[in-house]
file model-v6.cif (mmCIF, C-alpha atoms and all ligand atoms)
data_upload
#
loop_
_atom_site.label_atom_id
_atom_site.label_comp_id
_atom_site.auth_asym_id
_atom_site.auth_seq_id
_atom_site.Cartn_x
_atom_site.Cartn_y
_atom_site.Cartn_z
CA MET F 13 53.77 25.56 152.06
CA THR F 14 52.23 29.02 152.09
CA ARG F 15 48.47 29.05 152.11
CA GLU F 16 46.91 30.69 149.11
CA THR F 17 45.15 33.92 150.06
CA PRO F 18 42.70 35.70 147.77
CA LEU F 19 45.24 38.47 147.42
CA SER F 20 47.81 36.06 146.05
CA ARG F 21 45.50 35.69 143.06
CA LEU F 22 45.95 39.36 142.33
CA VAL F 23 49.69 39.14 142.77
CA SER F 24 50.07 36.10 140.52
CA ALA F 25 47.47 37.07 137.90
CA LYS F 26 48.82 37.26 134.37
CA ARG F 27 45.95 39.35 133.11
CA ILE F 28 43.74 41.70 135.12
CA VAL F 29 40.64 43.61 134.08
CA VAL F 30 40.10 46.75 136.15
CA LYS F 31 36.68 48.37 136.03
CA VAL F 32 36.28 51.95 137.11
CA GLY F 33 32.83 53.41 137.76
CA SER F 34 31.56 56.86 136.72
CA ALA F 35 31.57 58.19 140.27
CA LEU F 36 35.34 57.61 140.49
CA ILE F 37 36.10 59.28 137.16
CA ALA F 38 33.86 62.31 137.36
CA GLU F 39 32.78 64.73 140.01
CA ALA F 40 30.20 67.40 139.12
CA GLY F 41 30.88 66.78 135.44
CA SER F 42 34.66 67.22 135.69
CA VAL F 43 37.44 64.65 135.60
CA ARG F 44 39.01 63.63 138.92
CA GLN F 45 42.41 63.98 137.30
CA THR F 46 44.56 63.51 140.40
CA TRP F 47 42.80 60.26 141.22
CA LEU F 48 43.17 59.14 137.61
CA ASP F 49 46.89 59.99 137.65
CA GLN F 50 47.27 57.83 140.75
CA LEU F 51 45.36 55.00 139.13
CA ALA F 52 47.76 55.24 136.19
CA ASN F 53 50.63 54.93 138.69
CA ASP F 54 49.04 51.79 140.11
CA ILE F 55 48.53 50.31 136.66
CA ALA F 56 52.11 51.16 135.68
CA GLU F 57 53.28 49.36 138.83
CA ARG F 58 51.32 46.24 137.89
CA ARG F 59 52.63 46.35 134.35
CA ALA F 60 56.18 46.71 135.62
CA ALA F 61 55.52 43.54 137.64
CA GLY F 62 54.80 41.78 134.33
CA GLN F 63 51.01 41.84 134.50
CA GLU F 64 48.72 42.78 131.64
CA ILE F 65 45.98 45.26 132.42
CA ILE F 66 42.79 46.01 130.57
CA LEU F 67 40.89 49.01 131.84
CA VAL F 68 37.12 49.20 131.53
CA SER F 69 36.22 52.81 132.17
CA SER F 70 32.84 54.41 132.60
CA GLY F 71 32.34 58.14 132.78
CA ALA F 72 31.51 59.15 129.22
CA ILE F 73 27.95 60.15 130.05
CA ALA F 74 28.95 61.74 133.36
CA LEU F 75 31.57 63.91 131.61
CA GLY F 76 29.49 64.75 128.57
CA ARG F 77 26.16 65.55 130.05
CA ASN F 78 26.69 69.17 130.99
CA LYS F 79 28.01 69.85 127.49
CA LEU F 80 24.55 69.03 126.22
CA GLY F 81 22.70 71.62 128.27
CA PRO F 82 21.76 72.35 131.86
CA GLU F 83 19.16 69.56 132.12
CA ARG F 84 20.17 66.07 133.15
CA PRO F 85 19.82 63.83 130.06
CA ARG F 86 16.88 61.47 130.40
CA LYS F 87 15.99 60.20 126.98
CA LEU F 88 18.12 57.48 125.45
CA GLU F 89 19.27 59.71 122.58
CA GLU F 90 20.28 62.42 125.06
CA LYS F 91 22.38 59.96 127.02
CA GLN F 92 23.88 58.71 123.77
CA ALA F 93 24.74 62.24 122.71
CA ALA F 94 26.20 62.93 126.16
CA ALA F 95 28.35 59.80 125.85
CA ALA F 96 29.57 60.94 122.43
CA LEU F 97 30.56 64.29 123.94
CA GLY F 98 32.14 62.78 127.05
CA GLN F 99 34.08 59.85 125.59
CA PRO F 100 36.84 62.01 124.02
CA LEU F 101 37.16 63.92 127.30
CA LEU F 102 37.51 60.63 129.15
CA MET F 103 40.20 59.43 126.76
CA ALA F 104 42.05 62.75 126.92
CA ALA F 105 42.12 62.51 130.72
CA LEU F 106 43.37 58.93 130.57
CA ALA F 107 45.97 59.73 127.92
CA HIS F 108 47.19 62.54 130.18
CA ALA F 109 47.35 60.19 133.17
CA PHE F 110 49.45 57.65 131.27
CA THR F 111 51.80 60.17 129.61
CA PRO F 112 54.46 60.03 132.37
CA HIS F 113 54.54 56.25 131.97
CA GLU F 114 54.99 56.47 128.20
CA THR F 115 52.18 53.98 127.83
CA PRO F 116 50.06 54.23 124.71
CA VAL F 117 46.37 54.20 125.58
CA ALA F 118 44.00 52.59 123.12
CA GLN F 119 40.27 53.12 122.98
CA ALA F 120 37.98 50.19 122.22
CA LEU F 121 34.24 50.82 122.27
CA LEU F 122 32.30 47.59 122.36
CA THR F 123 28.67 46.72 121.77
CA LEU F 124 26.94 43.70 123.21
CA GLU F 125 27.31 41.78 119.95
CA ASP F 126 31.10 41.97 120.20
CA THR F 127 31.15 39.55 123.08
CA GLU F 128 27.95 37.57 122.41
CA ASN F 129 28.41 36.79 118.73
CA ARG F 130 31.27 34.38 118.11
CA ARG F 131 32.43 35.83 114.83
CA ARG F 132 32.63 39.34 116.28
CA TRP F 133 34.13 37.99 119.47
CA LEU F 134 37.01 36.43 117.53
CA ASN F 135 37.69 39.87 116.02
CA ALA F 136 37.42 41.81 119.27
CA ARG F 137 39.67 39.35 121.06
CA ALA F 138 42.28 39.46 118.32
CA THR F 139 42.32 43.26 118.42
CA LEU F 140 42.70 43.40 122.20
CA GLU F 141 45.40 40.70 122.13
CA THR F 142 47.27 42.71 119.51
CA LEU F 143 47.03 45.85 121.63
CA LEU F 144 48.32 44.04 124.70
CA GLY F 145 51.09 42.44 122.66
CA ALA F 146 52.14 45.90 121.49
CA GLY F 147 52.42 47.09 125.08
CA GLY F 148 49.36 49.30 124.92
CA ILE F 149 46.65 49.59 127.49
CA PRO F 150 43.22 48.84 126.08
CA ILE F 151 40.63 51.18 127.55
CA ILE F 152 37.17 49.83 127.01
CA ASN F 153 33.76 51.36 127.30
CA GLU F 154 30.41 50.46 125.85
CA ASN F 155 29.77 52.15 122.53
CA ASP F 156 27.00 54.14 124.19
CA SER F 157 26.30 56.48 121.30
CA VAL F 158 24.96 53.64 119.16
CA ALA F 159 23.91 50.97 121.67
CA THR F 160 20.16 51.00 122.18
CA ASP F 161 18.33 49.52 125.14
CA GLU F 162 17.64 46.07 123.71
CA ILE F 163 21.23 45.59 122.63
CA ARG F 164 23.13 47.08 125.55
CA TYR F 165 25.23 45.63 128.30
CA GLY F 166 23.59 48.43 130.25
CA ASP F 167 26.27 48.64 132.87
CA ASN F 168 30.00 48.41 132.75
CA ASP F 169 30.22 45.76 135.47
CA ARG F 170 28.69 43.28 133.09
CA LEU F 171 30.76 44.62 130.18
CA ALA F 172 33.93 44.20 132.27
CA ALA F 173 32.97 40.62 133.14
CA ARG F 174 32.37 39.77 129.49
CA VAL F 175 35.72 41.28 128.59
CA ALA F 176 37.39 39.29 131.38
CA GLN F 177 35.76 36.15 130.00
CA MET F 178 36.67 36.88 126.38
CA MET F 179 40.26 37.72 127.29
CA SER F 180 40.75 34.85 129.79
CA ALA F 181 41.63 37.27 132.58
CA ASP F 182 42.58 35.79 135.94
CA VAL F 183 41.19 38.60 138.08
CA LEU F 184 38.46 41.19 137.65
CA VAL F 185 38.80 44.23 139.91
CA LEU F 186 35.58 46.21 140.36
CA LEU F 187 36.42 49.57 141.85
CA SER F 188 33.33 50.79 143.60
CA ASP F 189 32.34 53.34 146.20
CA ILE F 190 31.77 50.61 148.77
CA ASP F 191 34.37 48.15 149.98
CA GLY F 192 32.48 45.00 149.13
CA LEU F 193 29.39 43.05 150.04
CA TYR F 194 27.78 43.28 153.46
CA THR F 195 25.05 41.14 154.96
CA ALA F 196 22.91 44.31 155.03
CA ASP F 197 23.37 47.99 154.21
CA PRO F 198 26.24 49.08 156.50
CA ARG F 199 25.13 52.73 156.38
CA THR F 200 21.83 52.01 158.04
CA ASN F 201 22.33 48.72 159.79
CA PRO F 202 25.02 48.62 162.50
CA THR F 203 24.91 44.82 162.62
CA ALA F 204 25.81 44.51 158.92
CA GLU F 205 28.80 42.25 158.49
CA HIS F 206 31.35 42.52 155.72
CA LEU F 207 31.98 39.36 153.68
CA PRO F 208 35.68 39.09 152.77
CA VAL F 209 35.50 35.88 150.70
CA ILE F 210 32.71 34.15 148.82
CA HIS F 211 33.21 30.76 147.21
CA ASN F 212 29.68 30.04 146.04
CA LEU F 213 27.41 32.88 145.10
CA THR F 214 23.87 32.06 146.17
CA ALA F 215 20.45 33.70 146.19
CA GLN F 216 21.24 34.74 149.75
CA HIS F 217 24.06 36.96 148.48
CA ASP F 218 21.72 38.42 145.87
CA ALA F 219 19.26 39.23 148.62
CA MET F 220 22.00 40.98 150.60
CA ALA F 221 22.95 42.98 147.52
CA SER F 222 19.43 44.09 146.72
CA GLY F 223 17.34 46.67 148.59
CA SER F 224 19.19 49.76 149.72
CA ASN F 225 22.55 48.11 149.13
CA ALA F 226 21.66 48.08 145.44
CA GLN F 227 22.16 51.84 145.38
CA ALA F 228 25.67 51.53 146.72
CA ASP F 229 27.27 52.69 143.51
CA LEU F 230 26.46 55.97 141.76
CA GLY F 231 26.83 54.54 138.25
CA SER F 232 24.13 52.46 136.66
CA GLY F 233 25.39 49.30 138.34
CA GLY F 234 24.80 48.70 142.03
CA MET F 235 25.86 45.73 144.10
CA THR F 236 23.44 43.44 142.26
CA THR F 237 25.11 44.04 138.90
CA LYS F 238 28.47 43.48 140.57
CA LEU F 239 27.36 40.03 141.67
CA THR F 240 26.02 39.33 138.18
CA ALA F 241 29.42 40.32 136.83
CA ALA F 242 31.17 38.16 139.41
CA ARG F 243 29.05 35.17 138.36
CA ILE F 244 29.99 35.63 134.71
CA ALA F 245 33.65 35.94 135.66
CA GLN F 246 33.53 32.98 138.03
CA SER F 247 32.19 30.67 135.34
CA ALA F 248 35.06 31.83 133.13
CA GLY F 249 37.69 30.92 135.71
CA CYS F 250 38.22 34.51 136.79
CA SER F 251 38.06 35.69 140.41
CA THR F 252 36.40 39.02 141.16
CA VAL F 253 37.31 41.52 143.82
CA ILE F 254 35.01 44.37 144.79
CA THR F 255 36.72 47.17 146.64
CA GLN F 256 36.42 50.82 147.50
CA GLY F 257 38.14 52.73 144.75
CA SER F 258 37.62 56.38 145.53
CA LYS F 259 40.77 56.92 147.60
CA ASP F 260 44.01 57.49 145.71
CA ARG F 261 45.97 54.40 144.62
CA PRO F 262 43.12 51.87 144.79
CA LEU F 263 45.15 48.91 143.47
CA ARG F 264 48.03 49.60 145.81
CA ASN F 265 45.55 49.92 148.70
CA LEU F 266 44.07 46.57 147.75
CA LEU F 267 47.50 44.96 147.75
CA ASP F 268 48.23 46.61 151.09
CA GLY F 269 45.21 44.89 152.57
CA ALA F 270 42.31 47.30 152.02
CA ARG F 271 38.94 45.78 152.78
CA ALA F 272 37.35 43.99 149.85
CA THR F 273 35.05 41.16 148.92
CA TRP F 274 36.57 38.39 146.83
CA ILE F 275 34.40 36.06 144.79
CA LEU F 276 36.73 33.23 144.00
CA SER F 277 36.67 30.91 141.04
CA THR F 278 37.85 27.35 141.52
CA LEU F 279 38.72 27.03 137.83
CA THR F 280 41.50 28.57 135.80
CA PRO F 281 40.50 30.52 132.67
CA ASP F 282 41.95 27.67 130.55
CA THR F 283 39.92 24.91 132.18
CA ALA F 284 36.80 27.07 132.21
CA ARG F 285 37.19 27.67 128.49
CA GLN F 286 37.69 23.95 127.82
CA ILE F 287 34.51 23.14 129.78
CA TRP F 288 32.63 25.82 127.89
CA LEU F 289 33.87 24.60 124.52
CA LYS F 290 32.94 21.02 125.41
CA GLY F 291 29.46 21.86 126.59
CA HIS F 292 28.38 24.64 124.27
CA LEU F 293 29.59 23.84 120.81
CA THR F 294 27.14 22.17 118.47
CA PRO F 295 29.09 21.65 115.25
CA GLU F 296 27.60 23.26 112.14
CA GLY F 297 30.01 21.44 109.86
CA SER F 298 33.27 19.58 109.92
CA ILE F 299 36.87 19.82 108.81
CA SER F 300 38.90 16.79 107.73
CA ILE F 301 42.57 16.83 108.52
CA ASP F 302 45.60 14.68 107.69
CA ALA F 303 47.46 12.38 110.06
CA GLY F 304 50.23 14.91 110.76
CA ALA F 305 47.74 17.58 111.78
CA ALA F 306 45.84 15.08 113.94
CA GLN F 307 49.03 14.31 115.79
CA ALA F 308 49.86 18.00 116.17
CA LEU F 309 46.38 18.69 117.56
CA MET F 310 46.75 15.91 120.11
CA GLY F 311 49.97 17.61 121.18
CA GLY F 312 48.14 20.89 121.81
CA ALA F 313 48.81 22.73 118.54
CA SER F 314 46.44 24.94 116.54
CA LEU F 315 44.92 23.65 113.32
CA LEU F 316 46.76 25.22 110.39
CA PRO F 317 45.53 25.19 106.78
CA VAL F 318 48.44 22.98 105.71
CA GLY F 319 46.96 20.00 107.58
CA VAL F 320 43.40 20.42 106.32
CA THR F 321 42.13 18.19 103.54
CA ALA F 322 38.49 19.31 103.24
CA ALA F 323 35.58 21.25 104.79
CA HIS F 324 32.13 19.64 104.95
CA GLY F 325 28.84 21.50 105.25
CA GLU F 326 28.28 25.22 104.93
CA PHE F 327 29.38 27.36 107.81
CA ALA F 328 30.47 30.92 108.48
CA ARG F 329 33.50 32.27 110.27
CA GLY F 330 33.01 31.81 114.03
CA ALA F 331 31.02 28.59 113.59
CA ALA F 332 31.55 25.53 115.74
CA VAL F 333 33.06 22.67 113.78
CA ALA F 334 33.96 19.03 114.33
CA ILE F 335 37.51 18.12 113.39
CA LYS F 336 37.94 14.69 111.83
CA ALA F 337 41.01 12.50 111.57
CA PRO F 338 41.69 10.55 108.32
CA SER F 339 39.77 7.60 109.86
CA GLY F 340 36.64 9.79 109.91
CA GLN F 341 36.62 9.88 113.68
CA THR F 342 35.92 13.25 115.33
CA ILE F 343 38.97 14.03 117.44
CA ALA F 344 38.22 17.61 118.40
CA LYS F 345 35.70 20.43 118.31
CA GLY F 346 36.47 24.08 117.88
CA ILE F 347 35.57 27.51 116.60
CA SER F 348 36.55 28.10 113.01
CA ALA F 349 38.28 31.36 112.09
CA TYR F 350 37.30 30.79 108.44
CA SER F 351 34.10 30.01 106.56
CA SER F 352 33.71 26.61 104.87
CA ILE F 353 34.11 28.28 101.47
CA ASP F 354 37.42 29.88 102.43
CA ILE F 355 38.68 26.67 104.05
CA ALA F 356 38.08 24.81 100.80
CA ARG F 357 40.27 27.39 99.08
CA ILE F 358 43.15 27.40 101.55
CA ALA F 359 43.20 23.69 102.50
CA GLY F 360 46.74 22.33 102.20
CA LEU F 361 48.37 25.76 101.96
CA GLN F 362 51.01 27.27 104.20
CA SER F 363 49.64 30.04 106.44
CA ASP F 364 51.67 32.69 104.60
CA GLN F 365 49.91 31.77 101.35
CA ILE F 366 46.46 32.62 102.73
CA GLU F 367 46.56 36.27 101.77
CA GLN F 368 47.51 35.56 98.17
CA LYS F 369 44.71 33.02 97.83
CA LEU F 370 41.90 34.86 99.61
CA GLY F 371 42.90 38.44 98.94
CA TYR F 372 42.93 39.29 102.63
CA ARG F 373 45.25 38.50 105.47
CA GLY F 374 43.36 36.17 107.78
CA ARG F 375 44.50 34.46 110.93
CA PRO F 376 47.36 31.93 110.57
CA ALA F 377 45.29 29.15 112.17
CA ILE F 378 41.95 27.81 110.98
CA VAL F 379 41.14 26.82 114.54
CA HIS F 380 43.32 28.42 117.20
CA ARG F 381 44.34 26.07 120.01
CA ASN F 382 42.55 28.31 122.51
CA ASP F 383 39.32 27.69 120.62
CA LEU F 384 39.78 23.96 120.41
CA VAL F 385 38.86 21.09 122.67
CA LEU F 386 39.97 17.49 122.15
CA GLU F 387 37.37 14.73 122.32
CA ARG F 388 38.65 12.26 124.81
N1 LIG F 401 29.10 53.41 129.64
C1 LIG F 401 28.63 54.40 130.58
C2 LIG F 401 29.51 55.64 130.52
O1 LIG F 401 30.61 55.60 130.12
C3 LIG F 401 28.62 53.91 132.01
C4 LIG F 401 27.83 52.67 132.30
C5 LIG F 401 27.83 52.35 133.79
O2 LIG F 401 27.65 53.26 134.59
O3 LIG F 401 28.05 51.19 134.16
O4 LIG F 401 29.11 56.70 130.91
#

call {"tool": "encode", "arguments": {"input": "model-v6.cif", "output": "structure tokens"}}
result
Amino acid sequence: MTRETPLSRLVSAKRIVVKVGSALIAEAGSVRQTWLDQLANDIAERRAAGQEIILVSSGAIALGRNKLGPERPRKLEEKQAAAALGQPLLMAALAHAFTPHETPVAQALLTLEDTENRRRWLNARATLETLLGAGGIPIINENDSVATDEIRYGDNDRLAARVAQMMSADVLVLLSDIDGLYTADPRTNPTAEHLPVIHNLTAQHDAMASGSNAQADLGSGGMTTKLTAARIAQSAGCSTVITQGSKDRPLRNLLDGARATWILSTLTPDTARQIWLKGHLTPEGSISIDAGAAQALMGGASLLPVGVTAAHGEFARGAAVAIKAPSGQTIAKGISAYSSIDIARIAGLQSDQIEQKLGYRGRPAIVHRNDLVLER
């Protein structure tokens, strides 16, 4: 039997989130187009190998700031304006990079609420799934021009980790300007040792990442935010790899054995999600279902309107609900894609009748199987 190496996680990953920092995208306010073209080659290679890639790209502020004036933007509104000026330049550069691969690039600008609020999270996930299904490459950044301090991710490491979590990615690649975590700052401390693999992130790792090592990256996130991101990803069953991205072909280099720090997750995204659903959902109402639907649910199916007999309590779309068999026993918990009012209206209908009844085309399932956990 071949021993699993961290790298084999990258090779076998179905879905990968790649995060690119500002310093890799922009140099003195201009796009590093050759590097970006090479990154597109790497991503095309992964896609040809059957992997799905979501790109989280920084660089909007870095590209937009000299369009605003000679001064470096300091105030929040100046940074927001710079981001608004730079984001189209960033997308144009990315679209150019992917043109030879005939890959449509899709921009998705997220705000913190899109991954923290369940109703919005259902929407954002469905949009990104649709983009991936259509063969596009979602390119995500924070919606900097409207996000204010209190409601910001603040750095794209954290944003990328939230996206990895929301999209059940297997691997999160953080392309940085340093090739991973060291026991101390390698630029000033000759005894600093590189850590290739971390299984359990501890306060000791945080201590290593703080201090001068914290300034390792030129973007707003240093090594500390990378570890925060890795923690979020780890709890979602996603392994993180931090590697030096500034040389051409960073993903290829990684696969060829470039130095990196892996923070491994022992869970798969599926099990992590099941654990999360089990532990975090406090039902706000319940849905009664018929015997056929109960059986289908036990077999791993989604809950469709046809099997629903009633909704109890008042709840909104995105709420946690208990799902009850005809005996009254709760057999599952899940996140409802419909409000209690709409469920009452579509109970017993076929999924293709939803639109006619509600006047809008909702999701085919009331509770998707990915958002459902059986009570056993
Ligand atoms: N969203 C910011 C930008 O595009 C970057 C945030 C970060 O550096 O992590 O400019």

call {"tool": "residues_around", "arguments": {"input": "model-v6.cif", "residues": "Asn265 of chain F", "least_positions_apart": "2", "cutoff": "12 Å", "atoms": "only C-alpha atoms", "output": "MDAnalysis selection string"}}
result
chainID F and resid 19 50:51 54 187 191 255:263 267:272

call {"tool": "residues_near_ligand", "arguments": {"input": "model-v6.cif", "ligand": "ligand LIG 401 (chain F)", "cutoff": "10 Å", "atoms": "only C-alpha atoms and all ligand atoms", "output": "ChimeraX atom specification"}}
result
/F:31-35,37-38,68-77,91-92,94-96,98-99,102,121-122,152-157,159,164-172,229-234,237

call {"tool": "closest_residue", "arguments": {"input": "model-v6.cif", "among": "F:Gln307, F:Thr139, F:Ser251, F:Thr17", "to": "Ala181 of chain F", "atoms": "only C-alpha atoms"}}
result
F:Ser251

call {"tool": "closest_residue", "arguments": {"input": "model-v6.cif", "among": "F:Thr115, F:Ser180, F:Ser363, F:Thr127", "to": "Pro150 of chain F", "atoms": "all atoms listed in the file"}}
result
F:Thr115

call {"tool": "residues_around", "arguments": {"input": "model-v6.cif", "residues": "Ala219 of chain F", "least_positions_apart": "6", "cutoff": "12 Å", "atoms": "all atoms listed in the file", "output": "list of chain:residue names"}}
result
F:Leu193, F:Tyr194, F:Thr195, F:Ala196, F:Asp197, F:Leu213, F:Asn225, F:Ala226, F:Met235, F:Thr236, F:Leu239

call {"tool": "atom_distance", "arguments": {"input": "model-v6.cif", "atom1": "atom CA of Asn212 of chain F", "atom2": "atom CA of Gln246 of chain F"}}
result
9.4 Å

call {"tool": "closest_residue", "arguments": {"input": "model-v6.cif", "among": "F:Val43, F:Ala173, F:Leu384, F:Ile66", "to": "His108 of chain F", "atoms": "all atoms listed in the file"}}
result
F:Val43

call {"tool": "atom_distance", "arguments": {"input": "model-v6.cif", "atom1": "atom CA of His292 of chain F", "atom2": "atom CA of Ile366 of chain F"}}
result
29.2 Å

call {"tool": "atom_distance", "arguments": {"input": "model-v6.cif", "atom1": "atom CA of Ala377 of chain F", "atom2": "atom CA of Gln341 of chain F"}}
result
21.2 Å

call {"tool": "closest_residue", "arguments": {"input": "model-v6.cif", "among": "F:Ser348, F:Gln45, F:Gln365, F:Ser247", "to": "Leu315 of chain F", "atoms": "only C-alpha atoms"}}
result
F:Ser348

call {"tool": "closest_residue", "arguments": {"input": "model-v6.cif", "among": "F:Ala242, F:Ala109, F:Leu124, F:Leu361", "to": "Leu48 of chain F", "atoms": "all atoms listed in the file"}}
result
F:Ala109

call {"tool": "residues_around", "arguments": {"input": "model-v6.cif", "residues": "Ala313 of chain F", "least_positions_apart": "4", "cutoff": "12 Å", "atoms": "only C-alpha atoms", "output": "list of chain:residue names"}}
result
F:Gly304, F:Ala305, F:Ala306, F:Gln307, F:Ala308, F:Leu309, F:Gly319, F:Ala344, F:Ala377, F:Ile378, F:Val379, F:His380, F:Arg381, F:Asn382, F:Asp383, F:Leu384, F:Val385, F:Leu386

call {"tool": "residues_around", "arguments": {"input": "model-v6.cif", "residues": "segment 325-332 of chain F", "least_positions_apart": "5", "cutoff": "8 Å", "atoms": "all atoms listed in the file", "output": "list of chain:residue names"}}
result
F:Arg130, F:Arg131, F:Arg132, F:Leu134, F:Leu293, F:Thr294, F:Pro295, F:Glu296, F:Gly297, F:Ser298, F:Lys345, F:Gly346, F:Ile347, F:Ser348, F:Ala349, F:Tyr350, F:Ser351, F:Ser352, F:Ile353

call {"tool": "closest_residue", "arguments": {"input": "model-v6.cif", "among": "F:Leu184, F:Leu276, F:Ile358, F:Met310", "to": "Pro18 of chain F", "atoms": "all atoms listed in the file"}}
result
F:Leu276

call {"tool": "residues_around", "arguments": {"input": "model-v6.cif", "residues": "Asn78 of chain F", "least_positions_apart": "3", "cutoff": "7 Å", "atoms": "all atoms listed in the file", "output": "ChimeraX atom specification"}}
result
/F:41,81-82

call {"tool": "write_last_selection", "arguments": {"input": "model-v6.cif", "atoms": "C-alpha atoms", "output": "PDB file, in the coordinates of the input"}}
result
ATOM      1  CA  GLY F  41      30.880  66.780 135.440  1.00  0.00           C
ATOM      2  CA  GLY F  81      22.700  71.620 128.270  1.00  0.00           C
ATOM      3  CA  PRO F  82      21.760  72.350 131.860  1.00  0.00           C
TER       4      PRO F  82
END

call {"tool": "build_atoms", "arguments": {"input": "model-v6.cif", "residues": "segment 162-176 of chain F", "atoms": "N, CA, C and O atoms", "output": "PDB file, in the frame of the given file"}}
result
ATOM      1  N   GLU F 162      17.760  47.531 123.872  1.00  0.00           N
ATOM      2  CA  GLU F 162      17.640  46.070 123.710  1.00  0.00           C
ATOM      3  C   GLU F 162      19.001  45.413 123.486  1.00  0.00           C
ATOM      4  O   GLU F 162      19.161  44.221 123.686  1.00  0.00           O
ATOM      5  N   ILE F 163      19.956  46.204 122.980  1.00  0.00           N
ATOM      6  CA  ILE F 163      21.230  45.590 122.630  1.00  0.00           C
ATOM      7  C   ILE F 163      22.379  46.184 123.452  1.00  0.00           C
ATOM      8  O   ILE F 163      23.476  46.360 122.980  1.00  0.00           O
ATOM      9  N   ARG F 164      22.091  46.478 124.699  1.00  0.00           N
ATOM     10  CA  ARG F 164      23.130  47.080 125.550  1.00  0.00           C
ATOM     11  C   ARG F 164      23.582  46.103 126.625  1.00  0.00           C
ATOM     12  O   ARG F 164      22.819  45.264 127.062  1.00  0.00           O
ATOM     13  N   TYR F 165      24.821  46.281 127.051  1.00  0.00           N
ATOM     14  CA  TYR F 165      25.230  45.630 128.300  1.00  0.00           C
ATOM     15  C   TYR F 165      24.471  46.320 129.430  1.00  0.00           C
ATOM     16  O   TYR F 165      24.081  45.706 130.399  1.00  0.00           O
ATOM     17  N   GLY F 166      24.321  47.650 129.257  1.00  0.00           N
ATOM     18  CA  GLY F 166      23.590  48.430 130.250  1.00  0.00           C
ATOM     19  C   GLY F 166      24.477  48.943 131.358  1.00  0.00           C
ATOM     20  O   GLY F 166      24.352  50.076 131.769  1.00  0.00           O
ATOM     21  N   ASP F 167      25.362  48.138 131.836  1.00  0.00           N
ATOM     22  CA  ASP F 167      26.270  48.640 132.870  1.00  0.00           C
ATOM     23  C   ASP F 167      27.653  48.067 132.610  1.00  0.00           C
ATOM     24  O   ASP F 167      27.798  46.999 132.015  1.00  0.00           O
ATOM     25  N   ASN F 168      28.634  48.812 133.059  1.00  0.00           N
ATOM     26  CA  ASN F 168      30.000  48.410 132.750  1.00  0.00           C
ATOM     27  C   ASN F 168      30.529  47.282 133.626  1.00  0.00           C
ATOM     28  O   ASN F 168      31.576  46.716 133.337  1.00  0.00           O
ATOM     29  N   ASP F 169      29.808  46.930 134.687  1.00  0.00           N
ATOM     30  CA  ASP F 169      30.220  45.760 135.470  1.00  0.00           C
ATOM     31  C   ASP F 169      30.091  44.520 134.602  1.00  0.00           C
ATOM     32  O   ASP F 169      31.000  43.690 134.510  1.00  0.00           O
ATOM     33  N   ARG F 170      28.936  44.429 133.965  1.00  0.00           N
ATOM     34  CA  ARG F 170      28.690  43.280 133.090  1.00  0.00           C
ATOM     35  C   ARG F 170      29.642  43.302 131.882  1.00  0.00           C
ATOM     36  O   ARG F 170      30.205  42.276 131.507  1.00  0.00           O
ATOM     37  N   LEU F 171      29.823  44.492 131.309  1.00  0.00           N
ATOM     38  CA  LEU F 171      30.760  44.620 130.180  1.00  0.00           C
ATOM     39  C   LEU F 171      32.154  44.142 130.611  1.00  0.00           C
ATOM     40  O   LEU F 171      32.811  43.371 129.902  1.00  0.00           O
ATOM     41  N   ALA F 172      32.589  44.576 131.790  1.00  0.00           N
ATOM     42  CA  ALA F 172      33.930  44.200 132.270  1.00  0.00           C
ATOM     43  C   ALA F 172      34.033  42.687 132.457  1.00  0.00           C
ATOM     44  O   ALA F 172      35.059  42.075 132.132  1.00  0.00           O
ATOM     45  N   ALA F 173      32.952  42.070 132.937  1.00  0.00           N
ATOM     46  CA  ALA F 173      32.970  40.620 133.140  1.00  0.00           C
ATOM     47  C   ALA F 173      33.051  39.889 131.799  1.00  0.00           C
ATOM     48  O   ALA F 173      33.776  38.903 131.656  1.00  0.00           O
ATOM     49  N   ARG F 174      32.316  40.391 130.824  1.00  0.00           N
ATOM     50  CA  ARG F 174      32.370  39.770 129.490  1.00  0.00           C
ATOM     51  C   ARG F 174      33.758  39.920 128.871  1.00  0.00           C
ATOM     52  O   ARG F 174      34.253  39.016 128.201  1.00  0.00           O
ATOM     53  N   VAL F 175      34.364  41.062 129.110  1.00  0.00           N
ATOM     54  CA  VAL F 175      35.720  41.280 128.590  1.00  0.00           C
ATOM     55  C   VAL F 175      36.692  40.325 129.304  1.00  0.00           C
ATOM     56  O   VAL F 175      37.542  39.689 128.670  1.00  0.00           O
ATOM     57  N   ALA F 176      36.522  40.192 130.613  1.00  0.00           N
ATOM     58  CA  ALA F 176      37.390  39.290 131.380  1.00  0.00           C
ATOM     59  C   ALA F 176      37.256  37.862 130.836  1.00  0.00           C
ATOM     60  O   ALA F 176      38.243  37.141 130.679  1.00  0.00           O
TER      61      ALA F 176
END
